[in-house]
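Pasted below: input15.pdb, PDB, C-alpha atoms.
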ATOM      1  CA  MET A   1      24.763   3.729 -10.581
ATOM      2  CA  LYS A   2      25.423   0.973  -8.051
ATOM      3  CA  PRO A   3      22.887   0.528  -5.224
ATOM      4  CA  TYR A   4      25.245   1.730  -2.505
ATOM      5  CA  GLN A   5      25.852   5.003  -4.345
ATOM      6  CA  GLN A   6      22.354   6.125  -3.400
ATOM      7  CA  ILE A   7      23.406   6.327   0.249
ATOM      8  CA  THR A   8      23.606   9.858   1.610
ATOM      9  CA  ILE A   9      27.077  11.077   2.629
ATOM     10  CA  GLN A  10      27.705  13.405   5.525
ATOM     11  CA  ASP A  11      31.477  13.616   5.776
ATOM     12  CA  CYS A  12      32.646  13.868   9.368
ATOM     13  CA  GLY A  13      35.837  15.682   8.383
ATOM     14  CA  GLU A  14      38.109  13.089   9.950
ATOM     15  CA  PRO A  15      41.732  13.301   8.767
ATOM     16  CA  LEU A  16      43.529  10.891   6.506
ATOM     17  CA  VAL A  17      46.439   9.413   8.467
ATOM     18  CA  LYS A  18      49.464   7.321   7.586
ATOM     19  CA  ILE A  19      49.248   3.602   8.296
ATOM     20  CA  PRO A  20      52.032   2.384  10.661
ATOM     21  CA  LEU A  21      53.425  -0.123   8.183
ATOM     22  CA  GLU A  22      55.672  -1.804  10.740
ATOM     23  CA  LYS A  23      52.537  -3.379  12.239
ATOM     24  CA  PHE A  24      51.456  -4.939   8.944
ATOM     25  CA  ALA A  25      52.894  -6.573   5.845
ATOM     26  CA  ILE A  26      53.186  -4.797   2.503
ATOM     27  CA  GLU A  27      54.545  -5.495  -0.958
ATOM     28  CA  THR A  28      57.188  -3.130  -2.258
ATOM     29  CA  PRO A  29      57.178  -1.492  -4.631
ATOM     30  CA  HIS A  30      53.425  -1.090  -4.571
ATOM     31  CA  ALA A  31      51.682  -2.996  -7.381
ATOM     32  CA  TYR A  32      49.994   0.043  -8.955
ATOM     33  CA  GLN A  33      53.088   2.207  -8.643
ATOM     34  CA  LYS A  34      54.974  -0.453 -10.618
ATOM     35  CA  LEU A  35      52.413  -0.016 -13.386
ATOM     36  CA  GLY A  36      52.944   3.746 -13.420
ATOM     37  CA  ALA A  37      49.798   4.850 -11.569
ATOM     38  CA  PRO A  38      49.807   8.661 -11.161
ATOM     39  CA  TYR A  39      49.993   9.067  -7.377
ATOM     40  CA  HIS A  40      52.110  12.177  -7.976
ATOM     41  CA  LEU A  41      48.972  14.043  -9.055
ATOM     42  CA  SER A  42      47.665  13.900  -5.479
ATOM     43  CA  ALA A  43      48.988  15.672  -2.377
ATOM     44  CA  VAL A  44      48.974  12.230  -0.681
ATOM     45  CA  ASP A  45      51.635  10.499  -2.737
ATOM     46  CA  SER A  46      51.123   7.033  -1.233
ATOM     47  CA  PRO A  47      48.438   4.337  -1.059
ATOM     48  CA  TYR A  48      49.148   3.673   2.617
ATOM     49  CA  TYR A  49      46.721   6.108   4.232
ATOM     50  CA  LEU A  50      43.289   5.665   5.843
ATOM     51  CA  ARG A  51      40.829   7.766   7.797
ATOM     52  CA  GLN A  52      41.671   7.763  11.511
ATOM     53  CA  SER A  53      38.756   5.600  12.724
ATOM     54  CA  VAL A  54      39.243   3.136   9.863
ATOM     55  CA  LEU A  55      42.884   2.708  10.836
ATOM     56  CA  GLU A  56      41.926   2.128  14.463
ATOM     57  CA  ARG A  57      39.648  -0.722  13.408
ATOM     58  CA  LEU A  58      42.321  -2.173  11.164
ATOM     59  CA  LEU A  59      44.735  -2.227  14.108
ATOM     60  CA  THR A  60      42.054  -4.057  16.108
ATOM     61  CA  ALA A  61      41.688  -6.605  13.296
ATOM     62  CA  GLN A  62      45.444  -7.238  13.349
ATOM     63  CA  LEU A  63      45.316  -7.948  17.087
ATOM     64  CA  LEU A  64      42.323 -10.262  16.625
ATOM     65  CA  LEU A  65      44.203 -12.162  13.939
ATOM     66  CA  GLN A  66      47.236 -12.675  16.167
ATOM     67  CA  ASP A  67      45.088 -13.900  19.047
ATOM     68  CA  ASN A  68      44.491 -17.085  17.040
ATOM     69  CA  TYR A  69      47.399 -17.024  14.597
ATOM     70  CA  PRO A  70      50.485 -15.608  16.341
ATOM     71  CA  ASN A  71      52.945 -13.898  13.982
ATOM     72  CA  TRP A  72      50.486 -13.803  11.086
ATOM     73  CA  LYS A  73      49.901 -10.375   9.609
ATOM     74  CA  ILE A  74      47.392  -8.536   7.502
ATOM     75  CA  LEU A  75      49.055  -7.584   4.226
ATOM     76  CA  ILE A  76      47.884  -4.197   3.009
ATOM     77  CA  PHE A  77      47.680  -4.361  -0.760
ATOM     78  CA  ASP A  78      45.982  -1.000  -1.217
ATOM     79  CA  ALA A  79      44.191   1.620   0.864
ATOM     80  CA  TYR A  80      43.641   5.297  -0.061
ATOM     81  CA  ARG A  81      43.435   5.712  -3.821
ATOM     82  CA  PRO A  82      43.180   9.105  -5.544
ATOM     83  CA  VAL A  83      40.541   9.326  -8.278
ATOM     84  CA  GLU A  84      43.348   9.755 -10.836
ATOM     85  CA  VAL A  85      44.716   6.351  -9.819
ATOM     86  CA  GLN A  86      41.213   4.866  -9.951
ATOM     87  CA  GLN A  87      40.898   6.076 -13.547
ATOM     88  CA  PHE A  88      44.329   4.658 -14.400
ATOM     89  CA  MET A  89      43.453   1.223 -13.008
ATOM     90  CA  VAL A  90      40.039   1.106 -14.702
ATOM     91  CA  ASP A  91      41.751   1.855 -18.017
ATOM     92  CA  TYR A  92      44.493  -0.673 -17.297
ATOM     93  CA  SER A  93      41.986  -3.413 -16.388
ATOM     94  CA  PHE A  94      39.924  -2.694 -19.491
ATOM     95  CA  ASN A  95      43.024  -3.002 -21.697
ATOM     96  CA  GLN A  96      44.098  -6.198 -19.939
ATOM     97  CA  LEU A  97      40.773  -7.834 -20.772
ATOM     98  CA  LEU A  98      41.187  -6.793 -24.388
ATOM     99  CA  LYS A  99      44.680  -8.283 -24.444
ATOM    100  CA  GLU A 100      43.534 -11.574 -22.879
ATOM    101  CA  ARG A 101      40.811 -11.895 -25.529
ATOM    102  CA  GLY A 102      42.901 -10.814 -28.482
ATOM    103  CA  LEU A 103      40.747  -7.763 -29.133
ATOM    104  CA  ASN A 104      41.672  -4.352 -30.502
ATOM    105  CA  GLN A 105      40.033  -1.350 -28.880
ATOM    106  CA  HIS A 106      39.763   0.486 -32.191
ATOM    107  CA  SER A 107      37.797  -2.334 -33.796
ATOM    108  CA  LEU A 108      35.304  -2.842 -30.962
ATOM    109  CA  SER A 109      31.648  -2.212 -31.587
ATOM    110  CA  ALA A 110      29.841   0.048 -29.136
ATOM    111  CA  GLU A 111      28.131  -3.020 -27.686
ATOM    112  CA  GLN A 112      31.440  -4.864 -27.188
ATOM    113  CA  HIS A 113      33.020  -1.841 -25.557
ATOM    114  CA  GLN A 114      30.132  -1.460 -23.127
ATOM    115  CA  SER A 115      30.051  -5.177 -22.345
ATOM    116  CA  ILE A 116      33.728  -5.251 -21.381
ATOM    117  CA  LEU A 117      33.412  -2.027 -19.402
ATOM    118  CA  THR A 118      30.505  -3.564 -17.503
ATOM    119  CA  GLU A 119      32.748  -6.493 -16.540
ATOM    120  CA  VAL A 120      35.387  -4.078 -15.285
ATOM    121  CA  TYR A 121      32.839  -2.161 -13.219
ATOM    122  CA  GLN A 122      31.774  -5.331 -11.427
ATOM    123  CA  PHE A 123      35.095  -5.074  -9.602
ATOM    124  CA  TRP A 124      36.230  -1.475 -10.061
ATOM    125  CA  ALA A 125      34.218   1.549  -9.001
ATOM    126  CA  SER A 126      33.715   4.278 -11.559
ATOM    127  CA  PRO A 127      36.361   7.030 -11.187
ATOM    128  CA  SER A 128      33.645   9.559 -10.464
ATOM    129  CA  LEU A 129      34.357  13.149  -9.455
ATOM    130  CA  ASP A 130      30.735  13.619  -8.413
ATOM    131  CA  PRO A 131      30.800  14.239  -4.635
ATOM    132  CA  THR A 132      27.698  12.066  -4.200
ATOM    133  CA  THR A 133      29.271   8.972  -5.829
ATOM    134  CA  PRO A 134      32.964   8.761  -4.835
ATOM    135  CA  PRO A 135      34.989   5.607  -5.493
ATOM    136  CA  PRO A 136      35.209   3.833  -2.104
ATOM    137  CA  HIS A 137      39.010   3.867  -1.986
ATOM    138  CA  SER A 138      39.039   7.607  -2.699
ATOM    139  CA  THR A 139      37.248   8.225   0.611
ATOM    140  CA  GLY A 140      40.079   6.742   2.663
ATOM    141  CA  ALA A 141      37.616   4.256   4.138
ATOM    142  CA  ALA A 142      38.265   1.166   1.987
ATOM    143  CA  LEU A 143      41.217  -1.158   1.732
ATOM    144  CA  ASP A 144      42.329  -4.271  -0.145
ATOM    145  CA  ILE A 145      44.105  -6.853   1.974
ATOM    146  CA  THR A 146      45.182 -10.452   2.320
ATOM    147  CA  LEU A 147      47.056 -12.501   4.930
ATOM    148  CA  VAL A 148      50.638 -13.678   5.342
ATOM    149  CA  ASN A 149      51.749 -16.453   7.686
ATOM    150  CA  GLU A 150      54.645 -16.482  10.139
ATOM    151  CA  THR A 151      57.139 -16.973   7.291
ATOM    152  CA  GLY A 152      55.799 -13.990   5.379
ATOM    153  CA  LYS A 153      54.180 -16.162   2.701
ATOM    154  CA  TRP A 154      50.858 -15.033   1.232
ATOM    155  CA  LEU A 155      47.990 -17.383   2.055
ATOM    156  CA  ASN A 156      46.479 -18.859  -1.082
ATOM    157  CA  MET A 157      42.980 -17.459  -1.491
ATOM    158  CA  GLY A 158      42.231 -19.178  -4.797
ATOM    159  CA  SER A 159      42.371 -16.046  -6.947
ATOM    160  CA  GLU A 160      44.576 -12.999  -7.285
ATOM    161  CA  ILE A 161      43.616  -9.633  -5.839
ATOM    162  CA  ASP A 162      41.868  -7.612  -8.580
ATOM    163  CA  GLU A 163      41.098 -10.717 -10.651
ATOM    164  CA  ILE A 164      38.045 -10.045 -12.785
ATOM    165  CA  SER A 165      36.242 -13.370 -12.518
ATOM    166  CA  PRO A 166      33.596 -15.114 -10.387
ATOM    167  CA  ARG A 167      36.428 -16.769  -8.416
ATOM    168  CA  SER A 168      36.880 -13.438  -6.671
ATOM    169  CA  TYR A 169      33.450 -13.631  -5.016
ATOM    170  CA  PRO A 170      34.058 -14.192  -1.276
ATOM    171  CA  ASN A 171      32.119 -17.483  -1.043
ATOM    172  CA  TYR A 172      32.978 -18.871  -4.474
ATOM    173  CA  PHE A 173      34.638 -22.015  -3.058
ATOM    174  CA  GLU A 174      32.220 -22.501  -0.160
ATOM    175  CA  LYS A 175      30.431 -25.572  -1.549
ATOM    176  CA  SER A 176      33.400 -27.168  -3.280
ATOM    177  CA  SER A 177      34.245 -30.749  -2.306
ATOM    178  CA  ASP A 178      37.838 -30.338  -3.444
ATOM    179  CA  PRO A 179      40.197 -30.182  -0.406
ATOM    180  CA  THR A 180      42.411 -27.530  -2.004
ATOM    181  CA  GLU A 181      39.450 -25.308  -2.790
ATOM    182  CA  GLN A 182      38.066 -25.843   0.696
ATOM    183  CA  ASN A 183      41.395 -24.559   2.010
ATOM    184  CA  TYR A 184      41.005 -21.431  -0.119
ATOM    185  CA  HIS A 185      37.589 -20.907   1.446
ATOM    186  CA  GLN A 186      38.926 -21.420   4.972
ATOM    187  CA  ASN A 187      41.666 -18.855   4.365
ATOM    188  CA  ARG A 188      39.092 -16.351   3.124
ATOM    189  CA  GLN A 189      36.948 -17.047   6.180
ATOM    190  CA  ILE A 190      39.832 -16.297   8.542
ATOM    191  CA  LEU A 191      40.353 -12.946   6.836
ATOM    192  CA  SER A 192      36.663 -12.119   6.722
ATOM    193  CA  LYS A 193      36.048 -13.031  10.366
ATOM    194  CA  VAL A 194      38.736 -10.792  11.847
ATOM    195  CA  MET A 195      37.708  -7.861   9.670
ATOM    196  CA  LYS A 196      33.985  -8.189  10.344
ATOM    197  CA  THR A 197      34.623  -8.618  14.070
ATOM    198  CA  ALA A 198      36.490  -5.306  13.943
ATOM    199  CA  GLY A 199      33.428  -3.679  12.352
ATOM    200  CA  PHE A 200      34.236  -3.795   8.639
ATOM    201  CA  GLN A 201      31.929  -4.820   5.820
ATOM    202  CA  GLN A 202      33.147  -6.965   2.909
ATOM    203  CA  HIS A 203      32.559  -6.153  -0.744
ATOM    204  CA  PRO A 204      30.062  -8.680  -2.186
ATOM    205  CA  ASN A 205      32.239  -9.352  -5.257
ATOM    206  CA  GLU A 206      35.746  -9.161  -3.782
ATOM    207  CA  TRP A 207      37.214 -11.365  -1.059
ATOM    208  CA  TRP A 208      39.988  -8.803  -0.495
ATOM    209  CA  HIS A 209      37.974  -5.561  -0.164
ATOM    210  CA  PHE A 210      36.748  -4.241   3.202
ATOM    211  CA  SER A 211      35.434  -0.875   4.299
ATOM    212  CA  TRP A 212      34.162   1.071   7.275
ATOM    213  CA  GLY A 213      32.267   4.345   7.067
ATOM    214  CA  ASP A 214      31.837   4.716   3.304
ATOM    215  CA  GLN A 215      28.686   4.314   1.199
ATOM    216  CA  LEU A 216      29.225   0.587   0.611
ATOM    217  CA  TRP A 217      29.665  -0.023   4.346
ATOM    218  CA  ALA A 218      26.495   1.937   5.124
ATOM    219  CA  TRP A 219      24.493   0.164   2.411
ATOM    220  CA  LEU A 220      25.590  -3.306   3.555
ATOM    221  CA  THR A 221      24.974  -2.431   7.202
ATOM    222  CA  ASN A 222      21.476  -1.241   6.327
ATOM    223  CA  GLN A 223      20.678  -4.671   4.854
ATOM    224  CA  GLN A 224      20.815  -6.232   8.317
ATOM    225  CA  PRO A 225      17.413  -7.063   9.898
ATOM    226  CA  ASN A 226      15.896  -4.439  12.197
ATOM    227  CA  LYS A 227      18.764  -2.059  11.545
ATOM    228  CA  THR A 228      18.131   1.671  11.948
ATOM    229  CA  PRO A 229      19.211   3.224   8.620
ATOM    230  CA  ILE A 230      22.580   4.952   8.698
ATOM    231  CA  ILE A 231      24.398   7.256   6.286
ATOM    232  CA  ALA A 232      28.004   7.291   5.103
ATOM    233  CA  LYS A 233      30.566   9.008   7.322
ATOM    234  CA  TYR A 234      33.126   9.637   4.581
ATOM    235  CA  GLY A 235      32.990  11.188   1.134
ATOM    236  CA  ARG A 236      35.859  11.671  -1.294
ATOM    237  CA  TYR A 237      38.918  12.903   0.555
ATOM    238  CA  LEU A 238      40.018  16.217  -0.888
ATOM    239  CA  CYS A 239      43.745  16.743  -0.480
TER     240      CYS A 239
END
Would it be possible to restate this file's structure as structure tokens?
Amino acid sequence: MKPYQQITIQDCGEPLVKIPLEKFAIETPHAYQKLGAPYHLSAVDSPYYLRQSVLERLLTAQLLLQDNYPNWKILIFDAYRPVEVQQFMVDYSFNQLLKERGLNQHSLSAEQHQSILTEVYQFWASPSLDPTTPPPHSTGAALDITLVNETGKWLNMGSEIDEISPRSYPNYFEKSSDPTEQNYHQNRQILSKVMKTAGFQQHPNEWWHFSWGDQLWAWLTNQQPNKTPIIAKYGRYLC
């Protein structure tokens, strides 16, 4: 169990609402849909949904971004994710690591299997059906994003979204003396600043992942000095 999963959830019952995609940038077709992720098993057959208050804060973040960078947009890579899709992507990521390392799943020892799964779970939440430990994206309160400039080009953040490596840590390039890597860090800082100003918390291991109202958000908020403990506002969204 991850530390944030010990946070109590008291779901406020807020609806899941469709993101107005004309206000943001997206990639079509969606990356997980291209892989065959089973969105059709959920009543919400799209990744582009969020809880109402989360969407309101995302819209605020977009306005904050354009105050300093006119015509830039937040690119929504992923938002609501059914547990079935979470399971699909955990399995896919596990198999990709095997492929990269030239390993065969059927010949893995129990220790090797667990070691690789542990790597996956540094970046992917367990596809749990337990109502006390929902995957963050399955609450409708978490989203994966990046930035595009006025030409629609993705800003280079120094690693791909969903990359399983230390380069994905938000401050990985912070102390680099290389000008290119410093630029990666500056781009990440622009993204992080607008999201945090809008009230979001950033995943400690993922520069692209932000949330408001879920267990991770509550846990990170509770780490702040002199903060009155809070609980999570959103549990797994049941379609």
What's the 8 Å shell around range 153-163 of chain A, counting only C-alpha atoms, without same-chain residues fewer than 2 positions away, as JSON, numbers by chain?
{"A": [123, 144, 146, 147, 148, 149, 150, 151, 165, 167, 168, 181, 184, 185, 187, 188, 206, 208]}
Please produce an output containing C-alpha atoms for each residue in the selection, written as a JSON list (two decimals), in the frame of the given file.
[["chain", "number", "residue", "atom", "x", "y", "z"],
["A", 123, "PHE", "CA", 35.10, -5.07, -9.60],
["A", 144, "ASP", "CA", 42.33, -4.27, -0.14],
["A", 146, "THR", "CA", 45.18, -10.45, 2.32],
["A", 147, "LEU", "CA", 47.06, -12.50, 4.93],
["A", 148, "VAL", "CA", 50.64, -13.68, 5.34],
["A", 149, "ASN", "CA", 51.75, -16.45, 7.69],
["A", 150, "GLU", "CA", 54.64, -16.48, 10.14],
["A", 151, "THR", "CA", 57.14, -16.97, 7.29],
["A", 165, "SER", "CA", 36.24, -13.37, -12.52],
["A", 167, "ARG", "CA", 36.43, -16.77, -8.42],
["A", 168, "SER", "CA", 36.88, -13.44, -6.67],
["A", 181, "GLU", "CA", 39.45, -25.31, -2.79],
["A", 184, "TYR", "CA", 41.00, -21.43, -0.12],
["A", 185, "HIS", "CA", 37.59, -20.91, 1.45],
["A", 187, "ASN", "CA", 41.67, -18.86, 4.36],
["A", 188, "ARG", "CA", 39.09, -16.35, 3.12],
["A", 206, "GLU", "CA", 35.75, -9.16, -3.78],
["A", 208, "TRP", "CA", 39.99, -8.80, -0.50]]
List the neighbours of range 193-205 of chain A out to 9 Å using only C-alpha atoms; skip same-chain residues closer than 4 positions along the sequence, and give me the result as a ChimeraX atom specification.
/A:54,57-65,122-123,166,168-170,188-189,209-213,216-218,220-221
Running the PyMOL selection byres ((chain A and resi 87) around 12) on this model by hand, what would come out? Give it as a PyMOL selection string.
chain A and resi 32+37-39+81-86+88-94+120-121+124-129+135+137-138
Spatial neighbours of Asp130 in chain A, max dist 12 Å, only C-alpha atoms, sep filter under 6 positions, as a count of residues only:
7
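Across A:Lys2, A:Gln66, A:Leu16, A:Asn104, the tightest approach to Thr118 in chain A is made by A:Lys2 when counting all atoms listed in the file.
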Pick the closest to Ile74 in chain A from A:Lys34, A:Lys23, A:Arg51, A:His113: which is it, counting all atoms listed in the file?
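Going through A:Lys34, A:Lys23, A:Arg51, A:His113 one by one, the smallest distance to Ile74 in chain A is for A:Lys23.
Shortest separation to Tyr48 in chain A among A:Asp178, A:Glu27, A:Glu119, A:Asp214 occurs at residue A:Glu27, atoms counted being all atoms listed in the file.
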Go through A:Cys239, A:His106, A:Asn183, A:Pro225 and flag the residue nearest Asp45 in chain A, using all atoms listed in the file for the distances.
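For Asp45 in chain A, the nearest of the candidates is A:Cys239.
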Residue nearest Ser46 in chain A among A:Asp11, A:Glu22, A:Asp78, A:Glu100 (counting all atoms listed in the file):
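So, comparing all the options, the nearest one is A:Asp78.
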Atomic distance CA of Asn95 in chain A - CA of Leu117 in chain A, expressed in Å with one decimal:
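So the answer is 9.9 Å.
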Just give me the gap between CA of Pro131 in chain A and CA of Ala110 in chain A in Å, one decimal is fine.
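Here the two named atoms are 28.3 Å from each other.
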Just give me the residues with any atom within 12 Å of (20.4, 5.2, 8.9), file coordinates, counting only C-alpha atoms, written as a VMD selection string.
chain A and resid 7 to 10 215 217 to 224 226 to 233
Could you pull the residues within 7 Å of Phe24 in chain A, counting all atoms listed in the file, minus those fewer than 5 positions along the same chain, as an MDAnalysis selection string?
chainID A and resid 73:76
